[in-house]
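Novice: Here you go, data-v1.cif (mmCIF, C-alpha atoms):
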data_final
loop_
_atom_site.label_atom_id
_atom_site.label_comp_id
_atom_site.auth_asym_id
_atom_site.auth_seq_id
_atom_site.Cartn_x
_atom_site.Cartn_y
_atom_site.Cartn_z
CA MET A 1 86.06 119.61 12.61
CA THR A 2 87.71 121.73 9.96
CA THR A 3 91.48 121.85 9.59
CA ALA A 4 91.51 125.44 10.87
CA MET A 5 89.53 124.49 13.98
CA GLY A 6 91.86 121.54 14.61
CA ALA A 7 94.95 123.75 14.38
CA THR A 8 93.38 126.31 16.72
CA LEU A 9 92.48 123.61 19.22
CA ARG A 10 96.01 122.20 19.20
CA ARG A 11 97.45 125.65 19.93
CA ILE A 12 95.07 126.17 22.84
CA GLN A 13 95.96 122.78 24.27
CA LEU A 14 99.69 123.43 23.82
CA GLY A 15 99.46 126.79 25.59
CA ASN A 16 97.51 125.25 28.46
CA ALA A 17 100.06 122.44 28.77
CA LEU A 18 102.90 124.98 28.98
CA ALA A 19 101.03 126.88 31.71
CA ALA A 20 100.53 123.58 33.57
CA PHE A 21 104.26 122.95 33.21
CA GLY A 22 104.91 126.27 34.95
CA SER A 23 102.43 125.48 37.72
CA GLY A 24 104.16 122.15 38.30
CA PHE A 25 107.25 124.07 39.37
CA THR A 26 105.49 125.60 42.39
CA VAL A 27 102.39 123.62 43.40
CA PRO A 28 104.22 120.83 45.30
CA TYR A 29 106.36 123.33 47.20
CA LEU A 30 103.96 126.16 48.04
CA PHE A 31 103.22 125.07 51.60
CA LEU A 32 106.92 124.53 52.35
CA TYR A 33 107.80 127.89 50.78
CA VAL A 34 105.37 129.91 52.88
CA ALA A 35 105.84 128.01 56.14
CA GLU A 36 109.57 127.35 56.19
CA VAL A 37 111.39 129.43 53.58
CA ARG A 38 109.56 132.69 54.31
CA HIS A 39 109.27 131.72 58.01
CA LEU A 40 105.57 132.58 58.15
CA GLY A 41 104.48 129.34 59.82
CA ALA A 42 102.16 126.49 58.97
CA GLY A 43 99.12 128.57 59.95
CA THR A 44 99.82 131.21 57.32
CA ALA A 45 100.59 128.53 54.76
CA GLY A 46 97.20 126.96 55.43
CA VAL A 47 95.50 130.34 55.07
CA VAL A 48 97.27 130.82 51.72
CA LEU A 49 95.74 127.59 50.42
CA ALA A 50 92.33 128.72 51.71
CA VAL A 51 92.75 132.10 49.98
CA PHE A 52 93.32 130.33 46.67
CA ALA A 53 89.98 128.59 47.09
CA ALA A 54 88.17 131.69 48.36
CA ALA A 55 89.35 133.80 45.43
CA ALA A 56 88.08 131.20 43.00
CA LEU A 57 84.72 130.98 44.74
CA PHE A 58 84.40 134.75 44.52
CA VAL A 59 85.11 135.18 40.80
CA LEU A 60 83.56 132.04 39.28
CA PRO A 61 79.90 133.03 39.81
CA LEU A 62 80.61 136.24 37.86
CA VAL A 63 82.90 135.17 35.06
CA GLY A 64 80.56 132.89 33.10
CA ARG A 65 78.21 135.64 31.95
CA VAL A 66 81.20 137.76 30.89
CA ILE A 67 82.49 134.86 28.77
CA ASP A 68 79.11 134.49 27.07
CA ARG A 69 78.81 138.23 26.40
CA ARG A 70 82.40 139.13 25.49
CA GLY A 71 83.84 135.78 24.44
CA PRO A 72 86.44 133.63 26.23
CA MET A 73 89.54 135.35 24.83
CA PRO A 74 89.34 138.66 26.78
CA VAL A 75 88.50 136.72 29.95
CA ALA A 76 91.44 134.37 29.42
CA MET A 77 93.79 137.32 28.94
CA GLY A 78 92.58 138.89 32.17
CA GLY A 79 93.10 135.58 33.95
CA VAL A 80 96.62 135.24 32.53
CA VAL A 81 97.63 138.73 33.70
CA ALA A 82 96.27 138.10 37.20
CA ALA A 83 97.80 134.62 37.50
CA SER A 84 101.20 135.79 36.24
CA GLY A 85 101.21 138.80 38.54
CA GLY A 86 100.19 136.66 41.50
CA ALA A 87 102.91 134.08 40.79
CA LEU A 88 105.57 136.79 40.55
CA GLY A 89 104.25 138.41 43.71
CA LEU A 90 104.49 135.13 45.61
CA GLY A 91 108.09 134.72 44.54
CA LEU A 92 109.02 138.17 45.79
CA ALA A 93 106.74 138.44 48.84
CA SER A 94 108.26 138.21 52.29
CA SER A 95 105.43 139.27 54.63
CA GLY A 96 102.12 137.67 55.47
CA PRO A 97 99.91 140.36 53.86
CA SER A 98 101.90 140.39 50.62
CA VAL A 99 101.84 136.59 50.38
CA LEU A 100 98.08 136.50 50.94
CA ALA A 101 97.42 139.29 48.43
CA SER A 102 99.53 137.53 45.80
CA ALA A 103 97.79 134.22 46.51
CA ALA A 104 94.37 135.86 46.10
CA LEU A 105 95.42 137.43 42.78
CA MET A 106 96.85 134.20 41.46
CA GLY A 107 93.89 132.10 42.67
CA ALA A 108 91.44 134.43 40.95
CA GLY A 109 93.46 134.37 37.74
CA VAL A 110 93.69 130.59 37.58
CA ALA A 111 89.98 130.27 38.39
CA VAL A 112 89.07 132.64 35.56
CA LEU A 113 91.25 130.72 33.11
CA GLN A 114 89.51 127.37 33.68
CA PRO A 115 86.06 128.16 32.19
CA ALA A 116 87.57 130.46 29.54
CA LEU A 117 89.85 127.73 28.19
CA ALA A 118 87.08 125.13 28.48
CA THR A 119 84.80 127.38 26.42
CA MET A 120 87.53 127.76 23.78
CA ILE A 121 87.75 123.99 23.50
CA VAL A 122 83.97 123.82 23.09
CA TRP A 123 84.11 126.43 20.34
CA CYS A 124 86.84 124.50 18.51
CA SER A 125 85.19 121.08 18.71
CA THR A 126 81.95 119.36 17.79
CA THR A 127 79.82 116.96 19.80
CA ALA A 128 81.51 114.05 18.02
CA THR A 129 85.08 115.27 18.66
CA ARG A 130 84.68 116.93 22.06
CA SER A 131 85.47 113.88 24.19
CA ARG A 132 88.86 113.43 22.52
CA ALA A 133 89.57 117.16 22.77
CA PHE A 134 89.01 117.25 26.54
CA ALA A 135 90.83 113.96 27.07
CA THR A 136 93.87 115.35 25.24
CA GLN A 137 93.67 118.51 27.31
CA PHE A 138 93.63 116.51 30.54
CA PHE A 139 96.56 114.35 29.40
CA LEU A 140 98.69 117.37 28.45
CA ASN A 141 97.87 119.14 31.71
CA ASN A 142 99.02 116.17 33.76
CA LEU A 143 102.11 115.73 31.62
CA GLY A 144 102.99 119.40 31.99
CA MET A 145 102.44 119.36 35.75
CA GLY A 146 104.45 116.18 36.17
CA VAL A 147 107.44 117.36 34.15
CA GLY A 148 107.33 120.77 35.83
CA GLY A 149 107.28 119.21 39.29
CA LEU A 150 110.16 116.92 38.39
CA LEU A 151 112.34 119.78 37.11
CA GLY A 152 111.31 122.06 39.96
CA GLY A 153 112.46 119.45 42.45
CA GLN A 154 115.93 119.57 40.91
CA ILE A 155 116.14 123.35 41.31
CA VAL A 156 114.55 124.01 44.67
CA ASP A 157 116.58 124.20 47.90
CA GLU A 158 114.78 125.16 51.09
CA HIS A 159 117.99 126.71 52.44
CA ARG A 160 118.23 129.05 49.44
CA PRO A 161 115.12 131.27 49.14
CA GLY A 162 116.31 132.48 45.75
CA THR A 163 115.63 129.07 44.24
CA PHE A 164 111.95 129.43 45.14
CA THR A 165 111.87 132.89 43.59
CA THR A 166 113.20 131.28 40.42
CA LEU A 167 110.39 128.71 40.45
CA PHE A 168 107.70 131.36 40.79
CA CYS A 169 109.30 133.47 38.07
CA VAL A 170 109.22 130.46 35.75
CA GLU A 171 105.54 130.00 36.53
CA ALA A 172 104.82 133.69 35.87
CA VAL A 173 106.62 133.51 32.52
CA MET A 174 104.75 130.37 31.47
CA PHE A 175 101.42 132.09 32.06
CA LEU A 176 102.61 134.83 29.71
CA VAL A 177 103.63 132.15 27.22
CA LEU A 178 100.05 130.90 27.36
CA ALA A 179 98.88 134.43 26.55
CA ALA A 180 101.28 134.65 23.63
CA VAL A 181 100.03 131.34 22.22
CA LEU A 182 96.39 132.36 22.62
CA LEU A 183 97.04 135.63 20.78
CA THR A 184 98.05 133.60 17.72
CA VAL A 185 94.71 131.80 17.48
CA ARG A 186 91.54 132.96 15.83
CA LEU A 187 88.51 131.46 17.49
CA PRO A 188 85.79 130.24 15.10
CA GLU A 189 83.07 132.23 16.82
CA ALA A 190 80.46 131.71 14.13
CA VAL A 191 80.97 127.94 14.30
CA SER A 192 81.09 127.90 18.06
CA MET A 193 77.58 129.18 18.46
CA ASP A 194 76.35 126.13 16.57
CA ALA A 195 78.79 123.66 18.07
CA SER A 196 77.13 123.16 21.42
CA VAL A 197 73.73 121.66 21.88
CA PRO A 198 71.27 124.54 22.19
CA GLY A 199 68.62 124.96 24.76
CA ASP A 200 65.59 127.14 24.42
CA ASP A 201 65.62 130.47 22.66
CA GLY A 202 65.74 132.41 25.91
CA ALA A 203 69.16 131.07 26.81
CA ALA A 204 70.87 134.41 26.50
CA GLY A 205 69.13 135.89 29.48
CA GLY A 206 68.38 132.81 31.55
CA GLY A 207 71.32 133.13 33.88
CA TRP A 208 71.65 131.14 37.08
CA ARG A 209 67.89 130.67 37.44
CA GLN A 210 67.70 128.75 34.16
CA LEU A 211 70.83 126.77 34.99
CA VAL A 212 69.43 125.65 38.36
CA ALA A 213 66.13 124.73 36.69
CA HIS A 214 67.98 122.47 34.24
CA ARG A 215 67.49 119.09 35.91
CA ALA A 216 70.32 117.28 34.11
CA MET A 217 72.83 120.06 34.80
CA LEU A 218 71.79 120.24 38.45
CA LEU A 219 72.33 116.50 38.84
CA LEU A 220 75.68 116.78 37.05
CA CYS A 221 76.79 119.52 39.46
CA VAL A 222 75.78 117.47 42.52
CA MET A 223 77.61 114.47 41.11
CA GLY A 224 80.60 116.66 40.23
CA PHE A 225 80.86 117.92 43.80
CA VAL A 226 80.88 114.36 45.13
CA LEU A 227 83.48 113.36 42.51
CA PHE A 228 85.90 116.14 43.37
CA PHE A 229 85.32 115.77 47.11
CA THR A 230 85.96 112.02 46.93
CA CYS A 231 89.17 112.07 44.89
CA TYR A 232 90.90 115.40 44.28
CA GLY A 233 89.80 116.85 47.59
CA GLN A 234 91.67 114.11 49.47
CA PHE A 235 95.05 114.34 47.74
CA GLU A 236 96.28 117.22 49.90
CA SER A 237 95.19 116.17 53.38
CA GLY A 238 93.20 113.08 54.27
CA LEU A 239 94.79 110.44 52.06
CA PRO A 240 98.44 111.43 52.70
CA ALA A 241 97.70 111.61 56.43
CA TYR A 242 96.07 108.18 56.31
CA GLY A 243 99.01 106.74 54.38
CA VAL A 244 101.61 108.06 56.81
CA GLU A 245 99.73 107.61 60.09
CA VAL A 246 97.78 104.38 59.48
CA THR A 247 99.43 102.53 56.61
CA GLY A 248 102.85 103.56 57.92
CA ILE A 249 104.47 104.57 54.64
CA SER A 250 107.23 107.17 54.44
CA THR A 251 106.86 110.56 52.76
CA ALA A 252 109.21 109.29 50.03
CA THR A 253 106.84 106.39 49.34
CA LEU A 254 103.99 108.88 49.23
CA GLY A 255 105.86 110.61 46.42
CA VAL A 256 106.07 107.29 44.59
CA ALA A 257 102.30 106.86 44.98
CA LEU A 258 101.67 110.31 43.48
CA PHE A 259 103.99 109.47 40.60
CA ALA A 260 102.08 106.21 40.06
CA ASN A 261 98.85 108.20 39.82
CA THR A 262 100.30 110.48 37.13
CA ALA A 263 101.91 107.55 35.30
CA VAL A 264 98.59 105.69 35.03
CA ILE A 265 96.96 108.80 33.58
CA ALA A 266 99.78 109.26 31.06
CA LEU A 267 99.82 105.61 30.00
CA ALA A 268 96.10 104.87 30.08
CA GLN A 269 94.44 108.04 28.83
CA PHE A 270 94.14 107.26 25.13
CA VAL A 271 93.62 103.54 25.70
CA VAL A 272 90.72 104.41 27.98
CA LEU A 273 89.46 106.94 25.45
CA ARG A 274 89.17 104.25 22.79
CA LEU A 275 87.38 101.96 25.23
CA VAL A 276 84.80 104.54 26.37
CA GLU A 277 84.05 105.95 22.91
CA GLY A 278 80.71 104.59 21.77
CA ARG A 279 79.50 104.00 25.32
CA ARG A 280 77.06 106.03 27.37
CA ARG A 281 78.81 108.74 29.34
CA SER A 282 76.57 108.23 32.37
CA ARG A 283 77.53 104.56 32.59
CA VAL A 284 81.23 105.33 32.23
CA VAL A 285 80.99 107.75 35.18
CA ALA A 286 79.01 105.15 37.13
CA LEU A 287 81.90 102.74 36.55
CA VAL A 288 84.31 105.39 37.87
CA GLY A 289 82.36 105.33 41.14
CA LEU A 290 82.87 101.57 41.38
CA VAL A 291 86.58 101.86 40.54
CA TRP A 292 87.03 104.45 43.27
CA THR A 293 85.06 102.28 45.70
CA VAL A 294 87.66 99.57 45.16
CA ALA A 295 90.40 102.21 45.55
CA TRP A 296 89.14 103.32 48.96
CA LEU A 297 88.63 99.73 50.09
CA ALA A 298 92.25 99.04 49.13
CA ALA A 299 93.30 102.04 51.22
CA GLY A 300 91.24 100.72 54.12
CA PHE A 301 92.83 97.27 53.92
CA SER A 302 96.29 98.86 53.76
CA GLY A 303 95.62 100.23 57.22
CA LEU A 304 94.72 96.79 58.52
CA VAL A 305 98.07 95.22 57.61
CA PRO A 306 100.71 97.84 58.49
CA HIS A 307 102.83 95.04 60.01
CA VAL A 308 103.14 93.53 56.51
CA GLN A 309 104.69 96.66 55.09
CA GLY A 310 105.14 95.42 51.54
CA VAL A 311 101.48 94.49 51.20
CA ALA A 312 100.29 97.68 52.89
CA THR A 313 102.44 99.84 50.63
CA ALA A 314 101.29 98.01 47.50
CA LEU A 315 97.65 98.48 48.50
CA LEU A 316 98.05 102.21 49.09
CA ILE A 317 99.93 102.73 45.82
CA SER A 318 97.16 100.80 44.06
CA THR A 319 94.70 103.30 45.55
CA TYR A 320 96.49 106.15 43.77
CA MET A 321 96.71 104.12 40.57
CA LEU A 322 92.98 103.35 40.61
CA PHE A 323 92.29 107.04 41.13
CA GLY A 324 94.36 107.74 38.01
CA LEU A 325 92.36 105.18 36.04
CA GLY A 326 89.12 106.83 37.16
CA GLU A 327 90.43 110.27 36.25
CA SER A 328 91.27 109.00 32.76
CA MET A 329 87.68 107.83 32.40
CA LEU A 330 86.27 111.16 33.57
CA SER A 331 88.23 113.45 31.25
CA PRO A 332 86.43 112.38 28.02
CA THR A 333 83.00 112.26 29.68
CA VAL A 334 82.23 114.93 32.28
CA ALA A 335 83.66 118.14 30.76
CA PRO A 336 82.22 117.40 27.27
CA LEU A 337 78.88 116.62 28.88
CA VAL A 338 78.81 120.05 30.55
CA ALA A 339 79.33 121.63 27.14
CA ASP A 340 76.69 119.48 25.43
CA LEU A 341 74.12 120.28 28.11
CA ALA A 342 74.66 124.02 27.77
CA PRO A 343 72.30 126.17 25.72
CA ARG A 344 74.39 127.72 23.00
CA ARG A 345 74.52 131.20 24.56
CA MET A 346 75.31 129.91 28.05
CA VAL A 347 78.37 127.74 27.45
CA GLY A 348 80.54 130.07 29.54
CA GLN A 349 78.05 130.11 32.41
CA TYR A 350 77.73 126.32 32.42
CA ASN A 351 81.52 125.88 32.38
CA SER A 352 81.88 128.44 35.18
CA ALA A 353 79.17 126.77 37.25
CA PHE A 354 80.87 123.40 36.97
CA ALA A 355 84.27 124.96 37.75
CA LEU A 356 82.66 126.45 40.86
CA VAL A 357 81.35 123.03 41.89
CA LYS A 358 84.82 121.57 41.31
CA GLN A 359 86.39 124.27 43.46
CA LEU A 360 83.89 123.65 46.25
CA GLY A 361 84.66 119.93 46.24
CA VAL A 362 88.40 120.54 46.22
CA ALA A 363 88.04 123.08 49.07
CA VAL A 364 85.67 121.07 51.29
CA GLY A 365 87.49 117.78 50.73
CA PRO A 366 90.74 118.74 52.50
CA ALA A 367 88.80 120.39 55.33
CA VAL A 368 86.75 117.25 56.06
CA GLY A 369 89.68 114.91 55.48
CA GLY A 370 91.99 117.00 57.64
CA LEU A 371 89.42 117.23 60.44
CA LEU A 372 88.83 113.47 60.54
CA ALA A 373 92.58 112.83 60.34
CA ALA A 374 93.23 115.25 63.20
CA HIS A 375 90.80 113.28 65.39
CA GLY A 376 92.17 109.93 64.28
CA ALA A 377 88.77 108.91 62.90
CA TYR A 378 90.22 106.94 60.03
CA THR A 379 87.58 104.22 60.00
CA VAL A 380 84.90 106.87 59.63
CA TYR A 381 87.05 108.53 56.97
CA ILE A 382 87.34 105.43 54.78
CA GLY A 383 83.67 104.55 55.30
CA LEU A 384 82.56 108.04 54.28
CA LEU A 385 84.56 107.96 51.06
CA VAL A 386 83.39 104.45 50.14
CA LEU A 387 79.82 105.72 50.49
CA CYS A 388 80.65 108.81 48.41
CA SER A 389 82.12 106.63 45.66
CA LEU A 390 79.00 104.49 45.57
CA GLY A 391 77.00 107.71 45.56
CA VAL A 392 78.80 108.74 42.35
CA THR A 393 77.57 105.53 40.72
CA VAL A 394 73.97 106.09 41.84
CA LEU A 395 73.98 109.75 40.76
CA ALA A 396 75.51 108.90 37.37
CA LEU A 397 72.86 106.30 36.61
CA ARG A 398 70.15 108.72 37.67
CA LEU A 399 71.68 111.43 35.50
CA GLY A 400 71.57 109.10 32.50
CA ARG A 401 67.76 109.08 32.67
CA HIS A 402 67.72 112.86 32.10
CA LEU A 403 70.05 112.91 29.08
CA THR A 404 69.16 112.77 25.42
CA LEU A 405 70.80 110.22 23.15
CA GLU A 406 73.16 112.85 21.70
CA GLN A 407 74.21 114.00 25.16
CA ASP A 408 74.81 110.57 26.66
CA ASP A 409 76.37 108.92 23.60
CA PRO A 410 77.32 111.39 20.82
CA SER A 411 78.91 108.64 18.71
CA ARG A 412 75.63 106.74 18.56
CA ALA A 413 73.90 109.87 17.29
CA VAL A 414 76.57 110.20 14.60
CA ARG A 415 76.11 106.56 13.59
CA THR A 416 72.35 107.15 13.38
CA ASP A 417 72.93 110.15 11.11
CA VAL A 418 75.20 108.05 8.86
CA ARG A 419 72.60 105.31 8.51
CA ALA A 420 69.97 107.96 7.75
CA GLY A 421 72.16 109.48 5.06
CA ALA A 422 72.92 112.72 6.95
CA PRO A 423 76.20 114.46 6.08
CA THR A 424 79.16 113.81 8.37
CA GLY A 425 82.67 115.18 8.66
CA ALA A 426 83.93 118.74 8.65
CA GLY A 427 80.89 120.20 6.98
CA ALA A 428 78.28 118.29 8.91
CA VAL A 429 75.71 120.09 10.96
CA GLU A 430 75.36 118.71 14.47
CA PRO A 431 72.08 117.29 15.75
CA ARG A 432 69.88 120.06 17.10
CA VAL A 433 68.41 118.50 20.22
CA ALA A 434 67.15 120.65 23.06
CA ALA A 435 68.63 120.04 26.48
CA SER A 436 66.12 118.53 28.83
CA VAL A 437 65.01 121.05 31.43
CA GLY A 438 63.28 119.69 34.46
#
Do you think you could lay out the structure here as structure tokens?

Specialist:
Amino acid sequence: MTTAMGATLRRIQLGNALAAFGSGFTVPYLFLYVAEVRHLGAGTAGVVLAVFAAAALFVLPLVGRVIDRRGPMPVAMGGVVAASGGALGLGLASSGPSVLASAALMGAGVAVLQPALATMIVWCSTTATRSRAFATQFFLNNLGMGVGGLLGGQIVDEHRPGTFTTLFCVEAVMFLVLAAVLLTVRLPEAVSMDASVPGDDGAAGGGWRQLVAHRAMLLLCVMGFVLFFTCYGQFESGLPAYGVEVTGISTATLGVALFANTAVIALAQFVVLRLVEGRRRSRVVALVGLVWTVAWLAAGFSGLVPHVQGVATALLISTYMLFGLGESMLSPTVAPLVADLAPRRMVGQYNSAFALVKQLGVAVGPAVGGLLAAHGAYTVYIGLLVLCSLGVTVLALRLGRHLTLEQDDPSRAVRTDVRAGAPTGAGAVEPRVAASVG
């Protein structure tokens, strides 16, 4: 990676971290704000969360092709304007329709930003450096969200609606800060078109039909849905409900568990990165499935010993910590793999497709978890998620059979080039290996 590309990448990551910092101010308090502060009720608050997901599902199938045709920068700017306007609208809205309209605008904006920023990272990295780039991005996002949530908690007061307006205004401003940072970067477009592993020459017009026909990408999307359903999709409904209703922890202890999750990510990310570098990505993800299997078993056992509160609490907190460990293992593997599977003219479409899968998992997860929790079917709930975690392991190992050496272990390909006398470093040309299409 050239010095210019490295500086550009750092600016993109900094801007994204600042936007995450702004989001941290509002995300933990959105439900409370709509239901209690604006007196619109829990039903409307639930619809607001659904609107966020629906808006994302609507725009993501369309945005990838725009990124590939126009570049990620114009798309990111459109996303920033929408997200900032939606955040400001939420802070000022007082009626159900205005809250829902603002939520839809903000949800669409945030959804558009995800694949645009991911494509920028791809353009500013190489196969050899991409894992570290995405791991750093994930670390900074979590750090920004955590610090934002901590500061937001010191400002917010449910008896003073103006404090919530302040939080949403901060979020709106931080999205604009992201735009300002992005305007200072110059994307290395000429390099970017060679930086991802190309597919066949017809990639420019392949669209969704070619993407679905790509066996490895299809398997990755299925696995991605199960991943996001199993972990992220449970953070908002099923797991908290299980912790409070079955394990018997307090809401304050639940906050400690969430902090433990973020702390593990912050402390372990770069240690994990060093450990997974040089190993096959598919096997690292398979190990994540096993780690999360242990996490869900720990949650299940916590519900069996609620009378020994100390043990039960420790088991549930360990569940959140193990999730954080798994997330740290995913950040340098899954997102870079999406980029390395993409034909060079479809990077935006591949990133958008995977963002769509992520959104589906995050949307379906709370619905299933909430439904099982509402019926008290917690044994079924834990059993389902243990099976899903094991399913991640099986899918990851199967995916590995459809990946080339460069896709599954880029560092091994680099070592092979070094032994063969191929140039490495900033001026090196990446291996030109076609993505396997089933």

Novice: Which residues, written as a ChimeraX atom specification, have at least one atom at most 8 Å from Gly224 (chain A), with only C-alpha atoms counted and residues fewer than 2 positions away on the same chain left out?

Specialist: /A:220-222,226-228,354,357-358,361

Novice: Where does the PyMOL selection byres ((chain A and resi 179-181) around 9) land in this file, that is, which residues does it pick, as number ranges by chain?

Specialist: A: 11-12, 14-15, 76-77, 80-81, 174-178, 182-185

Novice: Which residues come within 10 Å of region 305-309 of chain A, counting all atoms listed in the file, excluding same-chain residues fewer than 5 positions away, as a list in words?

Specialist: Gly243, Glu245, Val246, Thr247, Gly248, Ile249, Gly300, Ala314 and Leu315 of chain A

Novice: Rank nothing, just name the residue among A:Ser389, A:Gln154, A:Asn351, A:Thr333 nearest to Ala118 (chain A), using only C-alpha atoms.

Specialist: A:Asn351

Novice: Report as a list in words the residues that result from applying the PyMOL selection byres ((chain A and resi 85-89) around 6) to the structure here.

Specialist: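 Selection result, ordered by chain and number: Ala82, Ala83, Ser84, Leu90, Gly91, Leu92, Ala93, Ser102, Leu105, Met106, Phe168, Cys169 and Ala172 of chain A.
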
Novice: Just give me the residues with any atom within 6 Å of (91.7, 111.7, 41.4), file coordinates, counting only C-alpha atoms, written as a list in words.

Specialist: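 The answer, in the requested form, is Cys231, Tyr232, Phe323, Gly324 and Glu327 of chain A.
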
Novice: Work out how far CA of Cys388 (chain A) is from CA of Ala133 (chain A), in Å to one decimal.

Specialist: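 Distance reported for this atom pair: 28.4 Å.
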
Novice: Just to confirm, what's the straight-line distance from CA of Pro188 (chain A) to CA of Arg209 (chain A) in Å (one decimal)?

Specialist: 28.6 Å

Novice: Measure the distance from CA of Leu219 (chain A) to CA of Arg398 (chain A) in Å and round it to one decimal.

Specialist: 8.2 Å

Novice: Given the file shown, determine the residues that the PyMOL selection byres ((chain A and resi 278) around 6) selects; report them as a compact mmCIF listing (two decimals) with C-alpha atoms, in the frame of the given file.

Specialist:
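Result went into result-v4.txt, see below:
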# COMPACT_ATOMS: atom_id res chain seq x y z
CA GLU A 277 84.05 105.95 22.91
CA ARG A 279 79.50 104.00 25.32
CA SER A 411 78.91 108.64 18.71

Novice: Any chance you could build region 119-131 of chain A out to N, CA and C atoms and write it as a PDB file, in the coordinates of the input?

Specialist:
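In the end it all went to out.pdb:
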ATOM      1  N   THR A 119      85.700 126.849  27.441  1.00  0.00           N
ATOM      2  CA  THR A 119      84.800 127.380  26.420  1.00  0.00           C
ATOM      3  C   THR A 119      85.491 127.430  25.056  1.00  0.00           C
ATOM      4  N   MET A 120      86.781 127.779  25.045  1.00  0.00           N
ATOM      5  CA  MET A 120      87.530 127.760  23.780  1.00  0.00           C
ATOM      6  C   MET A 120      87.544 126.363  23.167  1.00  0.00           C
ATOM      7  N   ILE A 121      87.737 125.362  24.003  1.00  0.00           N
ATOM      8  CA  ILE A 121      87.750 123.990  23.500  1.00  0.00           C
ATOM      9  C   ILE A 121      86.381 123.622  22.925  1.00  0.00           C
ATOM     10  N   VAL A 122      85.315 124.067  23.597  1.00  0.00           N
ATOM     11  CA  VAL A 122      83.970 123.820  23.090  1.00  0.00           C
ATOM     12  C   VAL A 122      83.799 124.475  21.723  1.00  0.00           C
ATOM     13  N   TRP A 123      84.261 125.703  21.597  1.00  0.00           N
ATOM     14  CA  TRP A 123      84.110 126.430  20.340  1.00  0.00           C
ATOM     15  C   TRP A 123      84.890 125.772  19.200  1.00  0.00           C
ATOM     16  N   CYS A 124      85.964 125.096  19.538  1.00  0.00           N
ATOM     17  CA  CYS A 124      86.840 124.500  18.510  1.00  0.00           C
ATOM     18  C   CYS A 124      86.601 123.010  18.332  1.00  0.00           C
ATOM     19  N   SER A 125      85.493 122.504  18.835  1.00  0.00           N
ATOM     20  CA  SER A 125      85.190 121.080  18.710  1.00  0.00           C
ATOM     21  C   SER A 125      83.722 120.908  18.381  1.00  0.00           C
ATOM     22  N   THR A 126      83.347 119.702  18.028  1.00  0.00           N
ATOM     23  CA  THR A 126      81.950 119.360  17.790  1.00  0.00           C
ATOM     24  C   THR A 126      81.547 118.298  18.813  1.00  0.00           C
ATOM     25  N   THR A 127      80.280 117.985  18.860  1.00  0.00           N
ATOM     26  CA  THR A 127      79.820 116.960  19.800  1.00  0.00           C
ATOM     27  C   THR A 127      80.580 115.651  19.590  1.00  0.00           C
ATOM     28  N   ALA A 128      80.856 115.321  18.329  1.00  0.00           N
ATOM     29  CA  ALA A 128      81.510 114.050  18.020  1.00  0.00           C
ATOM     30  C   ALA A 128      82.990 114.042  18.406  1.00  0.00           C
ATOM     31  N   THR A 129      83.641 115.220  18.400  1.00  0.00           N
ATOM     32  CA  THR A 129      85.080 115.270  18.660  1.00  0.00           C
ATOM     33  C   THR A 129      85.425 115.808  20.037  1.00  0.00           C
ATOM     34  N   ARG A 130      84.432 116.215  20.801  1.00  0.00           N
ATOM     35  CA  ARG A 130      84.680 116.930  22.060  1.00  0.00           C
ATOM     36  C   ARG A 130      85.307 116.034  23.127  1.00  0.00           C
ATOM     37  N   SER A 131      84.912 114.780  23.177  1.00  0.00           N
ATOM     38  CA  SER A 131      85.470 113.880  24.190  1.00  0.00           C
ATOM     39  C   SER A 131      86.987 113.747  24.022  1.00  0.00           C
TER      40      SER A 131
END
